[in-house]
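J.: Sharing work_32.pdb below, PDB, C-alpha atoms:
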```pdb
MODEL        1
ATOM      1  CA  VAL E   1      35.628 157.674 251.530  1.00  0.00           C
ATOM      2  CA  VAL E   2      34.246 157.125 248.027  1.00  0.00           C
ATOM      3  CA  PHE E   3      31.409 154.600 247.791  1.00  0.00           C
ATOM      4  CA  GLY E   4      31.689 151.763 245.304  1.00  0.00           C
ATOM      5  CA  LYS E   5      29.036 151.302 242.641  1.00  0.00           C
ATOM      6  CA  ALA E   6      28.210 149.052 239.712  1.00  0.00           C
ATOM      7  CA  SER E   7      28.277 151.780 237.060  1.00  0.00           C
ATOM      8  CA  GLY E   8      31.427 153.548 235.935  1.00  0.00           C
ATOM      9  CA  PHE E   9      33.324 156.247 237.740  1.00  0.00           C
ATOM     10  CA  ALA E  10      34.481 159.573 236.399  1.00  0.00           C
ATOM     11  CA  ALA E  11      38.181 159.705 235.549  1.00  0.00           C
ATOM     12  CA  LEU E  12      38.664 162.354 238.249  1.00  0.00           C
ATOM     13  CA  ILE E  13      36.800 162.674 241.536  1.00  0.00           C
ATOM     14  CA  GLN E  14      37.025 165.879 243.527  1.00  0.00           C
ATOM     15  CA  VAL E  15      36.484 165.298 247.238  1.00  0.00           C
ATOM     16  CA  SER E  16      34.510 168.536 247.358  1.00  0.00           C
ATOM     17  CA  SER E  17      31.827 166.709 245.330  1.00  0.00           C
ATOM     18  CA  LEU E  18      31.258 164.065 248.035  1.00  0.00           C
ATOM     19  CA  ASP E  19      27.801 164.748 249.445  1.00  0.00           C
ATOM     20  CA  GLY E  20      27.036 161.760 251.685  1.00  0.00           C
ATOM     21  CA  SER E  21      25.273 159.806 248.951  1.00  0.00           C
ATOM     22  CA  ASN E  22      28.451 159.121 246.967  1.00  0.00           C
ATOM     23  CA  GLY E  23      30.944 159.266 249.840  1.00  0.00           C
ATOM     24  CA  PHE E  24      32.095 161.461 252.688  1.00  0.00           C
ATOM     25  CA  THR E  25      35.111 163.122 254.286  1.00  0.00           C
ATOM     26  CA  ILE E  26      36.268 162.436 257.848  1.00  0.00           C
ATOM     27  CA  TYR E  27      37.819 165.426 259.623  1.00  0.00           C
ATOM     28  CA  ALA E  28      40.060 165.289 262.683  1.00  0.00           C
ATOM     29  CA  PRO E  29      39.752 168.142 265.161  1.00  0.00           C
ATOM     30  CA  ASP E  30      43.272 169.552 265.290  1.00  0.00           C
ATOM     31  CA  THR E  31      46.160 170.659 263.133  1.00  0.00           C
ATOM     32  CA  GLU E  32      49.074 168.276 262.751  1.00  0.00           C
ATOM     33  CA  ASP E  33      47.159 165.207 263.996  1.00  0.00           C
ATOM     34  CA  PHE E  34      48.098 163.472 260.706  1.00  0.00           C
ATOM     35  CA  SER E  35      44.664 161.894 260.602  1.00  0.00           C
ATOM     36  CA  GLY E  36      44.324 159.399 257.780  1.00  0.00           C
ATOM     37  CA  TYR E  37      48.011 158.515 257.664  1.00  0.00           C
ATOM     38  CA  ARG E  38      46.904 154.931 258.271  1.00  0.00           C
ATOM     39  CA  LEU E  39      43.509 153.440 257.448  1.00  0.00           C
ATOM     40  CA  SER E  40      41.770 150.124 257.859  1.00  0.00           C
ATOM     41  CA  SER E  41      38.257 148.734 257.814  1.00  0.00           C
ATOM     42  CA  GLY E  42      36.245 145.897 259.276  1.00  0.00           C
ATOM     43  CA  ASP E  43      32.758 145.231 260.595  1.00  0.00           C
ATOM     44  CA  VAL E  44      33.419 146.232 264.214  1.00  0.00           C
ATOM     45  CA  ASN E  45      29.776 146.424 265.331  1.00  0.00           C
ATOM     46  CA  GLY E  46      28.523 143.380 263.394  1.00  0.00           C
ATOM     47  CA  ASP E  47      25.811 145.126 261.393  1.00  0.00           C
ATOM     48  CA  GLY E  48      27.014 143.820 258.031  1.00  0.00           C
ATOM     49  CA  TYR E  49      28.644 147.091 256.931  1.00  0.00           C
ATOM     50  CA  ALA E  50      32.369 147.815 256.893  1.00  0.00           C
ATOM     51  CA  ASP E  51      33.429 150.407 259.443  1.00  0.00           C
ATOM     52  CA  VAL E  52      36.245 152.854 258.673  1.00  0.00           C
ATOM     53  CA  ILE E  53      39.219 152.936 261.056  1.00  0.00           C
ATOM     54  CA  VAL E  54      41.377 156.071 260.859  1.00  0.00           C
ATOM     55  CA  GLY E  55      44.716 156.584 262.585  1.00  0.00           C
ATOM     56  CA  ALA E  56      45.874 160.001 263.777  1.00  0.00           C
ATOM     57  CA  TYR E  57      49.246 159.162 265.259  1.00  0.00           C
ATOM     58  CA  ARG E  58      50.043 162.763 266.209  1.00  0.00           C
ATOM     59  CA  GLY E  59      46.679 163.355 267.927  1.00  0.00           C
ATOM     60  CA  ASP E  60      47.031 164.913 271.358  1.00  0.00           C
ATOM     61  CA  GLY E  61      44.928 162.454 273.330  1.00  0.00           C
ATOM     62  CA  LEU E  62      41.898 162.842 275.532  1.00  0.00           C
ATOM     63  CA  SER E  63      43.042 166.049 277.215  1.00  0.00           C
ATOM     64  CA  ASN E  64      44.105 167.545 273.863  1.00  0.00           C
ATOM     65  CA  SER E  65      46.862 169.360 275.692  1.00  0.00           C
ATOM     66  CA  VAL E  66      50.622 169.543 275.926  1.00  0.00           C
ATOM     67  CA  ASP E  67      50.367 166.789 278.568  1.00  0.00           C
ATOM     68  CA  ASP E  68      49.332 164.335 275.833  1.00  0.00           C
ATOM     69  CA  VAL E  69      51.206 165.762 272.848  1.00  0.00           C
ATOM     70  CA  ASP E  70      51.477 163.174 270.058  1.00  0.00           C
ATOM     71  CA  ALA E  71      49.904 160.428 272.181  1.00  0.00           C
ATOM     72  CA  GLY E  72      47.949 159.353 269.122  1.00  0.00           C
ATOM     73  CA  GLU E  73      44.332 158.520 268.436  1.00  0.00           C
ATOM     74  CA  ALA E  74      42.259 156.184 266.291  1.00  0.00           C
ATOM     75  CA  TYR E  75      38.718 156.817 265.103  1.00  0.00           C
ATOM     76  CA  VAL E  76      36.149 154.198 264.141  1.00  0.00           C
ATOM     77  CA  VAL E  77      33.283 155.470 261.953  1.00  0.00           C
ATOM     78  CA  PHE E  78      30.463 152.949 261.642  1.00  0.00           C
ATOM     79  CA  GLY E  79      29.257 152.019 258.174  1.00  0.00           C
ATOM     80  CA  LYS E  80      25.549 151.966 257.321  1.00  0.00           C
ATOM     81  CA  ALA E  81      23.220 151.670 254.330  1.00  0.00           C
ATOM     82  CA  SER E  82      22.635 155.405 253.871  1.00  0.00           C
ATOM     83  CA  GLY E  83      22.275 158.696 255.667  1.00  0.00           C
ATOM     84  CA  PHE E  84      25.893 159.846 255.790  1.00  0.00           C
ATOM     85  CA  ALA E  85      26.712 163.514 256.086  1.00  0.00           C
ATOM     86  CA  ALA E  86      29.133 164.914 253.513  1.00  0.00           C
ATOM     87  CA  LEU E  87      31.520 165.823 256.334  1.00  0.00           C
ATOM     88  CA  ILE E  88      32.018 163.755 259.488  1.00  0.00           C
ATOM     89  CA  GLN E  89      33.908 165.395 262.319  1.00  0.00           C
ATOM     90  CA  VAL E  90      35.417 162.892 264.738  1.00  0.00           C
ATOM     91  CA  SER E  91      34.334 165.123 267.621  1.00  0.00           C
ATOM     92  CA  SER E  92      30.744 164.068 266.764  1.00  0.00           C
ATOM     93  CA  LEU E  93      31.392 160.341 267.346  1.00  0.00           C
ATOM     94  CA  ASP E  94      29.175 159.322 270.268  1.00  0.00           C
ATOM     95  CA  GLY E  95      29.208 155.515 270.372  1.00  0.00           C
ATOM     96  CA  SER E  96      26.160 155.146 268.136  1.00  0.00           C
ATOM     97  CA  ASN E  97      27.972 156.336 264.995  1.00  0.00           C
ATOM     98  CA  GLY E  98      31.535 155.428 265.985  1.00  0.00           C
ATOM     99  CA  PHE E  99      34.098 156.043 268.703  1.00  0.00           C
ATOM    100  CA  THR E 100      37.604 157.315 269.454  1.00  0.00           C
ATOM    101  CA  ILE E 101      40.482 155.355 270.974  1.00  0.00           C
ATOM    102  CA  TYR E 102      42.946 157.526 272.895  1.00  0.00           C
ATOM    103  CA  ALA E 103      46.494 156.459 273.747  1.00  0.00           C
ATOM    104  CA  PRO E 104      47.576 156.944 277.352  1.00  0.00           C
ATOM    105  CA  ASP E 105      50.905 158.749 277.102  1.00  0.00           C
ATOM    106  CA  THR E 106      52.745 161.562 275.388  1.00  0.00           C
ATOM    107  CA  GLU E 107      54.576 160.671 272.183  1.00  0.00           C
ATOM    108  CA  ASP E 108      53.282 157.085 271.958  1.00  0.00           C
ATOM    109  CA  PHE E 109      52.267 157.761 268.316  1.00  0.00           C
ATOM    110  CA  SER E 110      49.296 155.439 268.693  1.00  0.00           C
ATOM    111  CA  GLY E 111      47.508 154.950 265.390  1.00  0.00           C
ATOM    112  CA  TYR E 112      50.721 154.863 263.365  1.00  0.00           C
ATOM    113  CA  ARG E 113      49.700 151.347 262.362  1.00  0.00           C
ATOM    114  CA  LEU E 114      46.149 149.954 262.257  1.00  0.00           C
ATOM    115  CA  SER E 115      44.454 146.723 261.404  1.00  0.00           C
ATOM    116  CA  SER E 116      41.330 144.764 262.175  1.00  0.00           C
ATOM    117  CA  GLY E 117      40.422 141.123 262.488  1.00  0.00           C
ATOM    118  CA  ASP E 118      38.335 138.817 264.630  1.00  0.00           C
ATOM    119  CA  VAL E 119      40.941 138.221 267.348  1.00  0.00           C
ATOM    120  CA  ASN E 120      38.599 136.663 269.923  1.00  0.00           C
ATOM    121  CA  GLY E 121      36.422 134.631 267.529  1.00  0.00           C
ATOM    122  CA  ASP E 122      33.119 136.337 268.334  1.00  0.00           C
ATOM    123  CA  GLY E 123      32.264 137.179 264.709  1.00  0.00           C
ATOM    124  CA  TYR E 124      33.095 140.902 265.000  1.00  0.00           C
ATOM    125  CA  ALA E 125      36.161 142.687 263.656  1.00  0.00           C
ATOM    126  CA  ASP E 126      38.397 143.844 266.493  1.00  0.00           C
ATOM    127  CA  VAL E 127      40.428 147.051 266.194  1.00  0.00           C
ATOM    128  CA  ILE E 128      44.207 146.681 266.464  1.00  0.00           C
ATOM    129  CA  VAL E 129      46.170 149.884 267.066  1.00  0.00           C
ATOM    130  CA  GLY E 130      49.962 150.111 267.089  1.00  0.00           C
ATOM    131  CA  ALA E 131      51.863 152.659 269.171  1.00  0.00           C
ATOM    132  CA  TYR E 132      55.440 152.214 268.052  1.00  0.00           C
ATOM    133  CA  ARG E 133      56.828 154.620 270.644  1.00  0.00           C
ATOM    134  CA  GLY E 134      54.774 153.380 273.602  1.00  0.00           C
ATOM    135  CA  ASP E 135      56.942 152.936 276.681  1.00  0.00           C
ATOM    136  CA  GLY E 136      55.904 149.416 277.624  1.00  0.00           C
ATOM    137  CA  LEU E 137      54.402 148.000 280.793  1.00  0.00           C
ATOM    138  CA  SER E 138      56.500 149.974 283.260  1.00  0.00           C
ATOM    139  CA  ASN E 139      56.075 153.217 281.284  1.00  0.00           C
ATOM    140  CA  SER E 140      59.527 154.234 282.487  1.00  0.00           C
ATOM    141  CA  VAL E 141      62.905 155.182 281.084  1.00  0.00           C
ATOM    142  CA  ASP E 142      63.795 151.479 281.225  1.00  0.00           C
ATOM    143  CA  ASP E 143      61.288 150.816 278.441  1.00  0.00           C
ATOM    144  CA  VAL E 144      61.514 154.035 276.426  1.00  0.00           C
ATOM    145  CA  ASP E 145      59.950 153.521 272.999  1.00  0.00           C
ATOM    146  CA  ALA E 146      59.575 149.757 273.526  1.00  0.00           C
ATOM    147  CA  GLY E 147      56.317 149.914 271.570  1.00  0.00           C
ATOM    148  CA  GLU E 148      52.774 148.818 272.356  1.00  0.00           C
ATOM    149  CA  ALA E 149      49.751 147.434 270.542  1.00  0.00           C
ATOM    150  CA  TYR E 150      46.143 147.701 271.686  1.00  0.00           C
ATOM    151  CA  VAL E 151      43.406 145.263 270.724  1.00  0.00           C
ATOM    152  CA  VAL E 152      39.884 146.609 271.249  1.00  0.00           C
ATOM    153  CA  PHE E 153      36.963 144.149 271.111  1.00  0.00           C
TER     154      PHE E 153
ENDMDL
END
```
Is it possible to give me this structure as structure tokens?
T.:
Amino acid sequence: VVFGKASGFAALIQVSSLDGSNGFTIYAPDTEDFSGYRLSSGDVNGDGYADVIVGAYRGDGLSNSVDDVDAGEAYVVFGKASGFAALIQVSSLDGSNGFTIYAPDTEDFSGYRLSSGDVNGDGYADVIVGAYRGDGLSNSVDDVDAGEAYVVF
């Protein structure tokens, strides 16, 4: 994430130069999670700052085990006026600085698509997460890869 500013930008920005005052990097915990494949933003907590929504469609779910392989995850990092670390690890999200959304089943690929919008009209951006290989309501072979979408508000 590179912060906007009124003055000009350098022609090249190295992410290693992000120090929390000019931007930050969000790190997922595991190899091959494909974190950042999809991104969105919206003011989820209503504080007036855009929050960053990151999809990791190959994330291995809450158990982080073979039982949840490629279930998918989405991370919401809350925006604020200042005080960002240069590096934000999603394992540090605790509800006050953001949160993680875990998909329920293996190979759902949740987080492959992301969006946000005020779905319920309460003035807050809601998080919309697509799981294109979710197995539907019955979660059975009858609905293999039917697809699912989750709306979190």
J.: Set the distance at 10 Å and use only C-alpha atoms: which residues neighbour region 6-15 of chain E once local chain neighbours fewer than 5 positions away are removed? I'd like the list as a PDB file with C-alpha atoms, keeping the file's coordinate frame.
T.:
```pdb
ATOM      1  CA  VAL E   1      35.628 157.674 251.530  1.00  0.00           C
ATOM      2  CA  GLY E  23      30.944 159.266 249.840  1.00  0.00           C
ATOM      3  CA  PHE E  24      32.095 161.461 252.688  1.00  0.00           C
ATOM      4  CA  THR E  25      35.111 163.122 254.286  1.00  0.00           C
ATOM      5  CA  ALA E  86      29.133 164.914 253.513  1.00  0.00           C
TER       6      ALA E  86
END
```
J.: What residues come out when you apply the PyMOL selection byres ((chain E and resi 103-120) around 7) to this file, written as a PyMOL selection string?
T.: chain E and resi 38-42+55-58+61+67-74+101-102+121-134
J.: Can you tell me how far CA of Ser17 (chain E) sits from CA of Gly83 (chain E), in Å to one decimal?
T.: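 Computing it gives 16.2 Å between the two atoms.
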J.: With distances taken over only C-alpha atoms, which residue among E:Phe34, E:Phe99, E:Phe84, E:Phe153 lies nearest Asp19 (chain E)?
T.: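 Closest to Asp19 (chain E), using only C-alpha atoms: E:Phe84.
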J.: As a PyMOL selection string, please: the residues near Asp51 (chain E) (cut-off 7 Å, all atoms listed in the file, same-chain neighbours under 6 positions excluded).
T.: chain E and resi 41-44+76-79
J.: How many Å lie between CA of Ile53 (chain E) and CA of Leu18 (chain E), rounded to one decimal?
T.: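 Spanning CA of Ile53 (chain E) to CA of Leu18 (chain E) is a straight-line distance of 18.9 Å.
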J.: Padding 3 Å on every side, please: axis-aligned box over the listed atoms of region 90-99 of chain E, centre and edge lengths to one decimal in Å, as lines of an AutoDock Vina configuration file.
T.:
```
center_x = 30.8
center_y = 160.1
center_z = 267.6
size_x = 15.3
size_y = 16.0
size_z = 11.6
```
J.: Could you work out how far CA of Asp135 (chain E) lies from CA of Leu93 (chain E), giving the answer in Å with one decimal?
T.: 28.2 Å
J.: Show me, as a list in words, the residues that have an atom within 7 Å of Gln89 (chain E) when counting all atoms listed in the file, minus same-chain residues fewer than 5 positions from it.
T.: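 That gives Ile26, Tyr27 and Ala28 of chain E.
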J.: Measuring atom to atom with all atoms listed in the file, identify which of E:Val151, E:Gly46, E:Gly20, E:Asp33 is nearest to Val90 (chain E).
T.: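 Nearest candidate to Val90 (chain E) out of E:Val151, E:Gly46, E:Gly20, E:Asp33: E:Asp33.
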